[in-house]
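Source file query34.cif; content: mmCIF, C-alpha atoms.
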data_my_file
#
loop_
_atom_site.group_PDB
_atom_site.id
_atom_site.type_symbol
_atom_site.label_atom_id
_atom_site.label_comp_id
_atom_site.auth_asym_id
_atom_site.auth_seq_id
_atom_site.Cartn_x
_atom_site.Cartn_y
_atom_site.Cartn_z
ATOM 1 C CA MET A 1 38.837 123.407 163.538
ATOM 2 C CA ARG A 2 35.739 121.481 162.757
ATOM 3 C CA LEU A 3 34.501 117.912 162.917
ATOM 4 C CA SER A 4 32.784 116.591 159.796
ATOM 5 C CA ASP A 5 28.985 116.706 159.661
ATOM 6 C CA GLY A 6 29.169 112.931 159.429
ATOM 7 C CA VAL A 7 29.972 112.789 163.141
ATOM 8 C CA GLU A 8 26.594 114.288 164.053
ATOM 9 C CA TRP A 9 24.855 112.041 161.519
ATOM 10 C CA GLY A 10 26.712 108.983 162.785
ATOM 11 C CA VAL A 11 25.739 109.507 166.424
ATOM 12 C CA HIS A 12 22.115 110.130 165.466
ATOM 13 C CA ALA A 13 22.050 107.052 163.207
ATOM 14 C CA CYS A 14 23.503 104.846 165.955
ATOM 15 C CA THR A 15 20.909 106.230 168.381
ATOM 16 C CA LEU A 16 18.087 105.291 166.004
ATOM 17 C CA LEU A 17 19.601 101.828 165.509
ATOM 18 C CA ALA A 18 19.751 101.438 169.303
ATOM 19 C CA PHE A 19 15.997 102.045 169.412
ATOM 20 C CA MET A 20 15.428 99.195 166.943
ATOM 21 C CA PRO A 21 15.073 95.515 167.933
ATOM 22 C CA ALA A 22 18.617 94.074 168.114
ATOM 23 C CA ASP A 23 18.052 91.492 165.354
ATOM 24 C CA ALA A 24 16.576 93.925 162.824
ATOM 25 C CA ALA A 25 18.494 95.890 160.186
ATOM 26 C CA MET A 26 17.804 99.329 158.712
ATOM 27 C CA PRO A 27 18.628 100.166 155.091
ATOM 28 C CA ALA A 28 21.000 103.090 154.575
ATOM 29 C CA GLY A 29 18.340 104.945 152.553
ATOM 30 C CA LYS A 30 15.915 104.790 155.485
ATOM 31 C CA LEU A 31 18.559 106.094 157.907
ATOM 32 C CA ALA A 32 19.140 109.031 155.537
ATOM 33 C CA GLU A 33 15.398 109.632 155.176
ATOM 34 C CA TYR A 34 14.866 109.609 158.937
ATOM 35 C CA HIS A 35 17.552 112.226 159.448
ATOM 36 C CA GLY A 36 16.702 114.300 156.379
ATOM 37 C CA VAL A 37 20.239 114.102 155.004
ATOM 38 C CA PRO A 38 21.615 113.168 151.540
ATOM 39 C CA ALA A 39 21.584 109.373 151.077
ATOM 40 C CA ALA A 40 24.993 109.143 149.393
ATOM 41 C CA TYR A 41 26.794 110.975 152.218
ATOM 42 C CA MET A 42 24.955 109.032 154.889
ATOM 43 C CA ALA A 43 25.925 105.772 153.120
ATOM 44 C CA LYS A 44 29.580 106.825 153.154
ATOM 45 C CA HIS A 45 29.528 107.445 156.910
ATOM 46 C CA LEU A 46 27.651 104.213 157.614
ATOM 47 C CA GLN A 47 30.320 102.339 155.684
ATOM 48 C CA ALA A 48 33.011 103.998 157.788
ATOM 49 C CA LEU A 49 31.145 102.991 160.957
ATOM 50 C CA ALA A 50 30.897 99.413 159.690
ATOM 51 C CA ALA A 51 34.598 99.360 158.771
ATOM 52 C CA ALA A 52 35.421 100.478 162.330
ATOM 53 C CA GLY A 53 33.281 97.700 163.818
ATOM 54 C CA VAL A 54 30.632 100.028 165.276
ATOM 55 C CA LEU A 55 27.955 98.840 162.836
ATOM 56 C CA GLN A 56 27.314 95.458 161.292
ATOM 57 C CA THR A 57 26.332 95.151 157.650
ATOM 58 C CA VAL A 58 23.476 92.766 156.902
ATOM 59 C CA LYS A 59 23.632 91.598 153.280
ATOM 60 C CA GLY A 60 20.799 90.649 150.934
ATOM 61 C CA ALA A 61 17.282 91.822 150.096
ATOM 62 C CA ARG A 62 16.455 92.337 153.782
ATOM 63 C CA GLY A 63 19.808 93.935 154.397
ATOM 64 C CA GLY A 64 20.914 97.133 156.038
ATOM 65 C CA TYR A 65 22.777 98.164 159.158
ATOM 66 C CA ARG A 66 22.531 97.286 162.825
ATOM 67 C CA LEU A 67 24.730 98.042 165.830
ATOM 68 C CA ALA A 68 27.663 95.641 166.092
ATOM 69 C CA ARG A 69 27.404 95.558 169.894
ATOM 70 C CA PRO A 70 25.051 96.729 172.650
ATOM 71 C CA PRO A 71 24.473 100.523 172.743
ATOM 72 C CA ALA A 72 26.042 100.749 176.209
ATOM 73 C CA GLU A 73 29.270 99.468 174.650
ATOM 74 C CA ILE A 74 29.447 102.062 171.869
ATOM 75 C CA THR A 75 30.803 105.429 172.916
ATOM 76 C CA VAL A 76 30.498 108.773 171.161
ATOM 77 C CA LEU A 77 34.288 108.603 170.782
ATOM 78 C CA ASP A 78 34.010 105.302 168.871
ATOM 79 C CA ILE A 79 31.757 107.075 166.378
ATOM 80 C CA VAL A 80 33.951 110.184 166.131
ATOM 81 C CA GLU A 81 37.026 108.068 165.452
ATOM 82 C CA ALA A 82 35.209 105.879 162.915
ATOM 83 C CA VAL A 83 33.961 108.882 160.931
ATOM 84 C CA ASP A 84 36.685 111.481 161.430
ATOM 85 C CA GLY A 85 39.771 109.496 162.407
ATOM 86 C CA ASP A 86 41.734 109.645 165.622
ATOM 87 C CA GLU A 87 44.219 112.402 164.856
ATOM 88 C CA SER A 88 44.564 115.278 167.280
ATOM 89 C CA ALA A 89 43.289 118.680 166.126
ATOM 90 C CA PHE A 90 46.832 119.952 166.596
ATOM 91 C CA ARG A 91 49.472 118.751 164.156
ATOM 92 C CA CYS A 92 52.942 119.634 165.250
ATOM 93 C CA THR A 93 55.037 120.582 162.223
ATOM 94 C CA GLU A 94 58.169 120.930 164.374
ATOM 95 C CA ILE A 95 58.854 124.517 163.393
ATOM 96 C CA ARG A 96 61.206 124.622 166.383
ATOM 97 C CA ARG A 97 63.689 122.785 164.133
ATOM 98 C CA ARG A 98 63.782 125.599 161.579
ATOM 99 C CA GLY A 99 65.368 129.045 161.483
ATOM 100 C CA PRO A 100 68.674 130.392 162.783
ATOM 101 C CA LEU A 101 68.770 128.219 165.919
ATOM 102 C CA ALA A 102 68.057 124.894 164.173
ATOM 103 C CA ARG A 103 70.056 121.989 165.565
ATOM 104 C CA PRO A 104 70.747 118.498 164.171
ATOM 105 C CA ALA A 105 67.568 116.350 164.271
ATOM 106 C CA ARG A 106 69.141 113.891 166.752
ATOM 107 C CA GLU A 107 69.281 116.622 169.405
ATOM 108 C CA TYR A 108 65.478 116.965 169.566
ATOM 109 C CA THR A 109 64.934 114.068 171.925
ATOM 110 C CA LYS A 110 62.118 115.589 174.019
ATOM 111 C CA MET A 111 58.657 116.426 172.722
ATOM 112 C CA CYS A 112 58.043 120.142 172.196
ATOM 113 C CA GLY A 113 56.141 121.567 175.206
ATOM 114 C CA ILE A 114 53.527 123.053 172.880
ATOM 115 C CA HIS A 115 52.882 119.673 171.275
ATOM 116 C CA ALA A 116 52.642 118.115 174.759
ATOM 117 C CA ALA A 117 50.043 120.677 175.901
ATOM 118 C CA PHE A 118 47.854 119.932 172.877
ATOM 119 C CA ASP A 119 48.252 116.196 173.437
ATOM 120 C CA ARG A 120 46.968 116.630 177.010
ATOM 121 C CA ALA A 121 44.004 118.681 175.736
ATOM 122 C CA ASP A 122 43.230 116.112 173.069
ATOM 123 C CA ALA A 123 43.273 113.304 175.641
ATOM 124 C CA ALA A 124 40.838 115.270 177.859
ATOM 125 C CA TRP A 125 38.504 115.801 174.872
ATOM 126 C CA ARG A 126 38.554 112.117 173.962
ATOM 127 C CA ASN A 127 38.077 111.045 177.601
ATOM 128 C CA VAL A 128 34.831 112.999 177.843
ATOM 129 C CA LEU A 129 33.526 111.531 174.594
ATOM 130 C CA ALA A 130 34.492 108.041 175.771
ATOM 131 C CA GLU A 131 32.322 108.529 178.868
ATOM 132 C CA THR A 132 29.083 108.971 176.880
ATOM 133 C CA THR A 133 27.571 105.920 175.210
ATOM 134 C CA VAL A 134 24.865 105.514 172.595
ATOM 135 C CA ALA A 135 22.723 104.050 175.397
ATOM 136 C CA ASP A 136 23.103 107.338 177.342
ATOM 137 C CA ILE A 137 22.125 109.373 174.285
ATOM 138 C CA LEU A 138 19.121 107.149 173.592
ATOM 139 C CA SER A 139 17.873 107.336 177.166
ATOM 140 C CA GLY A 140 18.092 111.137 177.030
ATOM 141 C CA VAL A 141 16.092 111.165 173.795
ATOM 142 C CA LEU A 142 13.461 108.822 175.222
ATOM 143 C CA GLU A 143 13.056 111.008 178.312
ATOM 144 C CA ASP A 144 12.530 114.133 176.231
ATOM 145 C CA LEU A 145 10.213 112.872 173.512
ATOM 146 C CA PRO A 146 6.459 113.339 173.933
ATOM 147 C CA GLN A 147 4.534 110.050 174.027
ATOM 148 C CA ALA A 148 2.850 110.696 170.651
ATOM 149 C CA THR A 149 6.222 111.238 168.927
ATOM 150 C CA LEU A 150 7.612 108.107 170.546
ATOM 151 C CA GLU A 151 4.717 106.048 169.209
ATOM 152 C CA LYS A 152 5.086 107.591 165.774
ATOM 153 C CA GLY A 153 8.814 106.738 165.929
ATOM 154 C CA ALA A 154 8.125 103.146 166.912
ATOM 155 C CA ARG A 155 5.726 102.777 163.976
ATOM 156 C CA TRP A 156 8.226 104.328 161.587
ATOM 157 C CA VAL A 157 10.949 101.947 162.771
ATOM 158 C CA GLN A 158 8.611 98.956 162.462
ATOM 159 C CA GLU A 159 7.728 99.888 158.880
ATOM 160 C CA SER A 160 11.305 100.710 157.885
ATOM 161 C CA ALA A 161 13.406 98.075 159.627
ATOM 162 C CA ARG A 162 13.943 94.669 158.076
ATOM 163 C CA MET B 1 39.206 118.235 162.458
ATOM 164 C CA ARG B 2 42.315 120.324 162.442
ATOM 165 C CA LEU B 3 43.580 123.540 163.997
ATOM 166 C CA SER B 4 45.248 125.985 161.634
ATOM 167 C CA ASP B 5 49.047 125.956 161.385
ATOM 168 C CA GLY B 6 48.868 129.507 162.697
ATOM 169 C CA VAL B 7 48.149 128.137 166.176
ATOM 170 C CA GLU B 8 51.535 126.403 166.321
ATOM 171 C CA TRP B 9 53.249 129.493 164.872
ATOM 172 C CA GLY B 10 51.420 131.778 167.294
ATOM 173 C CA VAL B 11 52.482 129.835 170.384
ATOM 174 C CA HIS B 12 56.087 129.660 169.182
ATOM 175 C CA ALA B 13 56.121 133.384 168.348
ATOM 176 C CA CYS B 14 54.754 134.290 171.794
ATOM 177 C CA THR B 15 57.380 132.051 173.395
ATOM 178 C CA LEU B 16 60.160 133.867 171.537
ATOM 179 C CA LEU B 17 58.669 137.250 172.509
ATOM 180 C CA ALA B 18 58.607 136.073 176.140
ATOM 181 C CA PHE B 19 62.365 135.463 175.906
ATOM 182 C CA MET B 20 62.905 139.068 174.780
ATOM 183 C CA PRO B 21 63.316 142.054 177.153
ATOM 184 C CA ALA B 22 59.785 143.287 177.976
ATOM 185 C CA ASP B 23 60.320 146.768 176.490
ATOM 186 C CA ALA B 24 61.703 145.563 173.171
ATOM 187 C CA ALA B 25 59.692 144.818 170.007
ATOM 188 C CA MET B 26 60.348 142.267 167.274
ATOM 189 C CA PRO B 27 59.426 142.973 163.635
ATOM 190 C CA ALA B 28 57.016 140.488 162.032
ATOM 191 C CA GLY B 29 59.596 139.616 159.376
ATOM 192 C CA LYS B 30 62.102 138.577 162.064
ATOM 193 C CA LEU B 31 59.508 136.410 163.818
ATOM 194 C CA ALA B 32 58.844 134.684 160.480
ATOM 195 C CA GLU B 33 62.579 134.274 159.810
ATOM 196 C CA TYR B 34 63.202 132.804 163.255
ATOM 197 C CA HIS B 35 60.500 130.186 162.733
ATOM 198 C CA GLY B 36 61.269 129.520 159.069
ATOM 199 C CA VAL B 37 57.690 130.241 157.962
ATOM 200 C CA PRO B 38 56.260 132.507 155.201
ATOM 201 C CA ALA B 39 56.318 136.163 156.327
ATOM 202 C CA ALA B 40 52.865 137.041 154.946
ATOM 203 C CA TYR B 41 51.121 134.230 156.837
ATOM 204 C CA MET B 42 53.025 134.904 160.019
ATOM 205 C CA ALA B 43 52.042 138.609 159.744
ATOM 206 C CA LYS B 44 48.384 137.622 159.424
ATOM 207 C CA HIS B 45 48.503 135.543 162.606
ATOM 208 C CA LEU B 46 50.428 138.226 164.514
ATOM 209 C CA GLN B 47 47.719 140.717 163.560
ATOM 210 C CA ALA B 48 45.061 138.336 164.884
ATOM 211 C CA LEU B 49 47.018 137.988 168.144
ATOM 212 C CA ALA B 50 47.258 141.773 168.430
ATOM 213 C CA ALA B 51 43.531 142.184 167.689
ATOM 214 C CA ALA B 52 42.781 139.728 170.492
ATOM 215 C CA GLY B 53 44.967 141.665 172.937
ATOM 216 C CA VAL B 54 47.638 138.964 173.265
ATOM 217 C CA LEU B 55 50.277 141.037 171.465
ATOM 218 C CA GLN B 56 50.927 144.750 171.391
ATOM 219 C CA THR B 57 51.838 146.514 168.158
ATOM 220 C CA VAL B 58 54.691 148.999 168.365
ATOM 221 C CA LYS B 59 54.501 151.525 165.508
ATOM 222 C CA GLY B 60 57.292 153.349 163.734
ATOM 223 C CA ALA B 61 60.761 152.606 162.411
ATOM 224 C CA ARG B 62 61.660 150.639 165.542
ATOM 225 C CA GLY B 63 58.274 148.945 165.544
ATOM 226 C CA GLY B 64 57.186 145.354 165.772
ATOM 227 C CA TYR B 65 55.386 143.134 168.245
ATOM 228 C CA ARG B 66 55.719 142.464 171.952
ATOM 229 C CA LEU B 67 53.585 140.563 174.436
ATOM 230 C CA ALA B 68 50.666 142.646 175.710
ATOM 231 C CA ARG B 69 51.000 141.191 179.215
ATOM 232 C CA PRO B 70 53.405 139.012 181.223
ATOM 233 C CA PRO B 71 53.951 135.515 179.757
ATOM 234 C CA ALA B 72 52.458 133.912 182.884
ATOM 235 C CA GLU B 73 49.195 135.681 182.032
ATOM 236 C CA ILE B 74 48.942 134.441 178.441
ATOM 237 C CA THR B 75 47.588 130.928 178.088
ATOM 238 C CA VAL B 76 47.833 128.591 175.122
ATOM 239 C CA LEU B 77 44.028 128.888 174.937
ATOM 240 C CA ASP B 78 44.296 132.676 174.513
ATOM 241 C CA ILE B 79 46.482 132.070 171.461
ATOM 242 C CA VAL B 80 44.246 129.315 170.041
ATOM 243 C CA GLU B 81 41.173 131.520 170.322
ATOM 244 C CA ALA B 82 42.947 134.549 168.843
ATOM 245 C CA VAL B 83 44.124 132.613 165.799
ATOM 246 C CA ASP B 84 41.410 130.016 165.263
ATOM 247 C CA GLY B 85 38.350 131.420 167.037
ATOM 248 C CA ASP B 86 36.458 129.969 169.956
ATOM 249 C CA GLU B 87 33.945 127.760 168.201
ATOM 250 C CA SER B 88 33.634 124.151 169.270
ATOM 251 C CA ALA B 89 34.864 121.512 166.817
ATOM 252 C CA PHE B 90 31.322 120.139 166.806
ATOM 253 C CA ARG B 91 28.634 122.203 165.105
ATOM 254 C CA CYS B 92 25.181 120.912 165.832
ATOM 255 C CA THR B 93 23.014 121.260 162.731
ATOM 256 C CA GLU B 94 19.930 120.056 164.637
ATOM 257 C CA ILE B 95 19.224 117.155 162.309
ATOM 258 C CA ARG B 96 16.960 115.842 165.054
ATOM 259 C CA ARG B 97 14.414 118.395 163.778
ATOM 260 C CA ARG B 98 14.270 116.849 160.310
ATOM 261 C CA GLY B 99 12.653 113.743 158.869
ATOM 262 C CA PRO B 100 9.386 111.958 159.598
ATOM 263 C CA LEU B 101 9.371 112.684 163.352
ATOM 264 C CA ALA B 102 10.036 116.419 163.073
ATOM 265 C CA ARG B 103 8.067 118.529 165.552
ATOM 266 C CA PRO B 104 7.379 122.265 165.711
ATOM 267 C CA ALA B 105 10.539 124.234 166.600
ATOM 268 C CA ARG B 106 9.050 125.466 169.900
ATOM 269 C CA GLU B 107 8.964 121.897 171.226
ATOM 270 C CA TYR B 108 12.763 121.541 171.155
ATOM 271 C CA THR B 109 13.376 123.246 174.461
ATOM 272 C CA LYS B 110 16.236 121.049 175.698
ATOM 273 C CA MET B 111 19.656 120.818 174.095
ATOM 274 C CA CYS B 112 20.249 117.626 172.120
ATOM 275 C CA GLY B 113 22.218 115.122 174.253
ATOM 276 C CA ILE B 114 24.748 114.711 171.461
ATOM 277 C CA HIS B 115 25.390 118.457 171.333
ATOM 278 C CA ALA B 116 25.716 118.489 175.145
ATOM 279 C CA ALA B 117 28.322 115.691 175.103
ATOM 280 C CA PHE B 118 30.452 117.603 172.586
ATOM 281 C CA ASP B 119 30.092 120.800 174.610
ATOM 282 C CA ARG B 120 31.455 118.969 177.672
ATOM 283 C CA ALA B 121 34.368 117.621 175.621
ATOM 284 C CA ASP B 122 35.091 121.068 174.191
ATOM 285 C CA ALA B 123 35.123 122.600 177.688
ATOM 286 C CA ALA B 124 37.584 119.919 178.868
ATOM 287 C CA TRP B 125 39.860 120.644 175.869
ATOM 288 C CA ARG B 126 39.814 124.387 176.529
ATOM 289 C CA ASN B 127 40.375 123.901 180.275
ATOM 290 C CA VAL B 128 43.600 122.016 179.642
ATOM 291 C CA LEU B 129 44.860 124.682 177.222
ATOM 292 C CA ALA B 130 43.945 127.394 179.735
ATOM 293 C CA GLU B 131 46.185 125.708 182.315
ATOM 294 C CA THR B 132 49.364 126.104 180.260
ATOM 295 C CA THR B 133 50.866 129.567 179.911
ATOM 296 C CA VAL B 134 53.520 131.001 177.631
ATOM 297 C CA ALA B 135 55.737 131.223 180.736
ATOM 298 C CA ASP B 136 55.377 127.421 181.202
ATOM 299 C CA ILE B 137 56.275 126.791 177.558
ATOM 300 C CA LEU B 138 59.280 129.116 177.748
ATOM 301 C CA SER B 139 60.614 127.521 180.911
ATOM 302 C CA GLY B 140 60.345 124.080 179.252
ATOM 303 C CA VAL B 141 62.281 125.367 176.239
ATOM 304 C CA LEU B 142 64.967 126.946 178.419
ATOM 305 C CA GLU B 143 65.424 123.708 180.354
ATOM 306 C CA ASP B 144 65.896 121.683 177.190
ATOM 307 C CA LEU B 145 68.181 123.949 175.150
ATOM 308 C CA PRO B 146 71.943 123.362 175.259
ATOM 309 C CA GLN B 147 73.887 126.337 176.615
ATOM 310 C CA ALA B 148 75.466 127.111 173.230
ATOM 311 C CA THR B 149 72.074 127.304 171.519
ATOM 312 C CA LEU B 150 70.733 129.525 174.295
ATOM 313 C CA GLU B 151 73.596 131.937 173.836
ATOM 314 C CA LYS B 152 73.133 131.904 170.064
ATOM 315 C CA GLY B 153 69.421 132.625 170.637
ATOM 316 C CA ALA B 154 70.163 135.505 172.975
ATOM 317 C CA ARG B 155 72.510 137.026 170.391
ATOM 318 C CA TRP B 156 69.939 136.571 167.632
ATOM 319 C CA VAL B 157 67.265 138.262 169.748
ATOM 320 C CA GLN B 158 69.618 141.133 170.614
ATOM 321 C CA GLU B 159 70.419 141.720 166.934
ATOM 322 C CA SER B 160 66.796 141.374 165.783
ATOM 323 C CA ALA B 161 64.744 143.087 168.493
ATOM 324 C CA ARG B 162 64.238 146.807 168.429
#
Encoding of this model in structure tokens:
Amino acid sequence: MRLSDGVEWGVHACTLLAFMPADAAMPAGKLAEYHGVPAAYMAKHLQALAAAGVLQTVKGARGGYRLARPPAEITVLDIVEAVDGDESAFRCTEIRRRGPLARPAREYTKMCGIHAAFDRADAAWRNVLAETTVADILSGVLEDLPQATLEKGARWVQESAR
Amino acid sequence: MRLSDGVEWGVHACTLLAFMPADAAMPAGKLAEYHGVPAAYMAKHLQALAAAGVLQTVKGARGGYRLARPPAEITVLDIVEAVDGDESAFRCTEIRRRGPLARPAREYTKMCGIHAAFDRADAAWRNVLAETTVADILSGVLEDLPQATLEKGARWVQESAR
């Protein structure tokens, strides 16, 4: 099982947007350039994040993207679900209903125990990702970056944001 | 992200093998028939389970598969990892090292906070699946099945096991 690359890109893009002044907007092309990823794919993921209400689209010549709410109110899970959907990694195909012991559909009133175990695991996975916000990620980045890189980043954002 | 169908098949197959007398073996074709799934795919997953030490292969005319250890000592996670591997759903491609702020590789000494959050989520997911054993799944199935179906199942196993 594998999450789409867009999840990693989406969390990084939101982290960069969290570093930007709240009233500015960053064009999709600049977000792709900053992360060294193909512009068309980045644009697709940014659109998904906007559709899910994580990002706000700013129209016009000075347009681009900004966070739709404060970084402390956007979780990693919000981004995962915007980019990759909210389906569990396990899809129960109800094979228990096939084969020589199959019974009428109405008799399967209780969820299969296997399905239930994967649902519990999926909930645990999502709970952890709901505990980490974009603000947490940004503060970790800011702690780790050398001062010179931080200043270079601030200049880049100033030149690229609108 | 999605687990392979083989995970569902693998857990069901182990549950059926747990219902069988411990010294018996069930041919791959019978395990496929019981679950109503294609024999070639089921065989592939059974081989993966045997390679991982979850199942034991019995050779010869009366050959087939049996559990390699008691059902209470086989977890759902063991089966997931045998069939689908143990890689996290999130693969960090280190995009933080690209773009205008890229630094020399030696300066990235700490794991990216995004990668760390997904590692925590992955550990939580695996922990839950490690808590549920094939014995737990079987006892849930036995509780739910009507007596007539149980008896039909026991007969089927008796006719099919070797």
Would you translate the PyMOL selection byres ((chain A and resi 108-117) around 12) into the concrete set of residues it matches in this file, as a VMD selection string? (chain A and resid 88 to 98 102 to 107 118 to 124) or (chain B and resid 7 to 15 75 to 77 79 to 80 125 to 146)
Rounded to one decimal place, report the atom CA of Arg162 of chain B-atom CA of Asp84 of chain B distance in Å.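 Distance reported for this atom pair: 28.5 Å.
Within 7 Å of the point (37.9, 115.6, 160.7) in file coordinates, and counting only C-alpha atoms, lie the residues Arg2, Leu3, Ser4, Asp84 and Gly85 of chain A; Met1 and Arg2 of chain B.
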Among listed residues B:Val54, B:Ala48, B:Ala72, B:Val157, nearest chain A (using all atoms listed in the file):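 Smallest distance to chain A is found for B:Val157.
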What do you get, as a ChimeraX atom specification, if you spell out every residue that the PyMOL selection byres ((chain A and resi 42) around 12) selects here? /A:4-14,27-41,43-49,65,83
Let me know the residues the PyMOL selection byres ((chain A and resi 161) around 7) catches in the file above, as a count of residues only. 8
